[in-house]
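Reading through the structure tokens given below for one structure.
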Amino acid sequence: MADEASEPKLLSGGNPRIAKGHGDTPVQAYIAAMPGWKREVGCKLDALIEAAVPGVRKAVKWNSPFYGVEEQSWFLAVHCYAKYVKVAFFRGAALDPPPPVDSKQKDVRYFHVHEDDAIDEVRFTDWVRQASHLPGERM
């Protein structure tokens with residue numbers, strides 16, 4: 001069992017503090033550090049994204065997992081908040097239908113998962129597939 005010093009620190013809202021890195025390893029470290037019920041949501045979202053976009057690229061940047069199809073080009077990110085897990089679709093306004101939560105940025109749309117929410121896997125997978133075909137954000 002790991003000692004407390006090796007456990008990732010949780011930032012405000014319960015978001016894991018994970019070192020920046022590319023590939024599946026830092027993303028899995030982030031998911032493993034998601035507190036409580038959010039870990040199961042993180043596992044589910046990651047599996048759905050991988051199934052929808054074979055060979056998806058992954059990274060952790062700014063303490064959030066990012067998913068993309070090209071080097072340094074991202075179509076969505078995941079972030080933990082106190083009461084929900086937020087999925088940010090960077091070109092979400094172009095999705096049909098768009099994810100339900102508006103953003104201050106005109107192209108971005110969000111999908112929030114709260115503790116007892118059921119994820120509509122068909123809808124989410126469709127959004128992921130659509131998003132992966134749009135120009136990604138360079139970050």
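Order determines the names: the first chain of the structure tokens is A, the second B, and so forth; residues in each chain are numbered 1 upward, and ligands are numbered 1 upward as they are shown.
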Using only C-alpha atoms, tabulate the residues of region 20-90 of chain A lying at most 7 Å from any atom of region 100-114 of chain A, each with its closest atom pair and that distance in Å to one decimal, by chain and increasing residue number, as a Markdown table.
```
| residue | atom | partner | partner_atom | distance |
| --- | --- | --- | --- | --- |
| A:Lys83 | CA | A:His114 | CA | 6.3 |
| A:Tyr84 | CA | A:His114 | CA | 4.4 |
| A:Val85 | CA | A:Val113 | CA | 5.1 |
| A:Lys86 | CA | A:His112 | CA | 4.6 |
| A:Val87 | CA | A:Phe111 | CA | 5.1 |
| A:Ala88 | CA | A:Tyr110 | CA | 4.7 |
| A:Phe89 | CA | A:Arg109 | CA | 5.4 |
| A:Phe90 | CA | A:Val108 | CA | 4.6 |
```
All alpha helix (DSSP H) residues (DSSP, backbone) inside chain A, as a count of residues only: 38
Please compute the CA of Val60 (chain A)-CA of Val122 (chain A) distance, one decimal, in Å. 25.6 Å
Would you please work out which residue, of A:Ala33, A:Val128, A:Leu76, A:Ala93, is nearest to Ala59 (chain A) when using only C-alpha atoms?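 Among the listed residues, A:Leu76 lies closest to Ala59 (chain A).
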Pick out the closest residue to Tyr30 (chain A) from this set: A:Ile49, A:Val56, A:Leu10, A:Ala94. Count only C-alpha atoms.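 Under the stated criterion, the closest residue is A:Leu10.
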From the DSSP assignment of the backbone, select every residue of chain A that is strand (DSSP E), and format the answer as a count of residues only. 36
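Candidate residues A:Asp126, A:Ala131, A:Gly21, A:Ala118 were compared for distance to Glu40 (chain A), and the nearest is A:Ala118, using only C-alpha atoms.
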Coordinates-based distance that separates CA of Ile31 (chain A) from CA of Ala51 (chain A) (Å, one decimal): 16.9 Å
Using only C-alpha atoms, find the one residue out of A:Thr25, A:Asn63, A:Arg138, A:Trp37 that sits nearest to Pro8 (chain A).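 Ranking A:Thr25, A:Asn63, A:Arg138, A:Trp37 by distance to Pro8 (chain A), first place goes to A:Asn63.
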Choose the residue, out of A:Asn15, A:Arg57, A:Glu121, A:Ala82, that has the smallest atom-to-atom separation from Lys44 (chain A); count only C-alpha atoms.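 Nearest candidate to Lys44 (chain A) out of A:Asn15, A:Arg57, A:Glu121, A:Ala82: A:Glu121.
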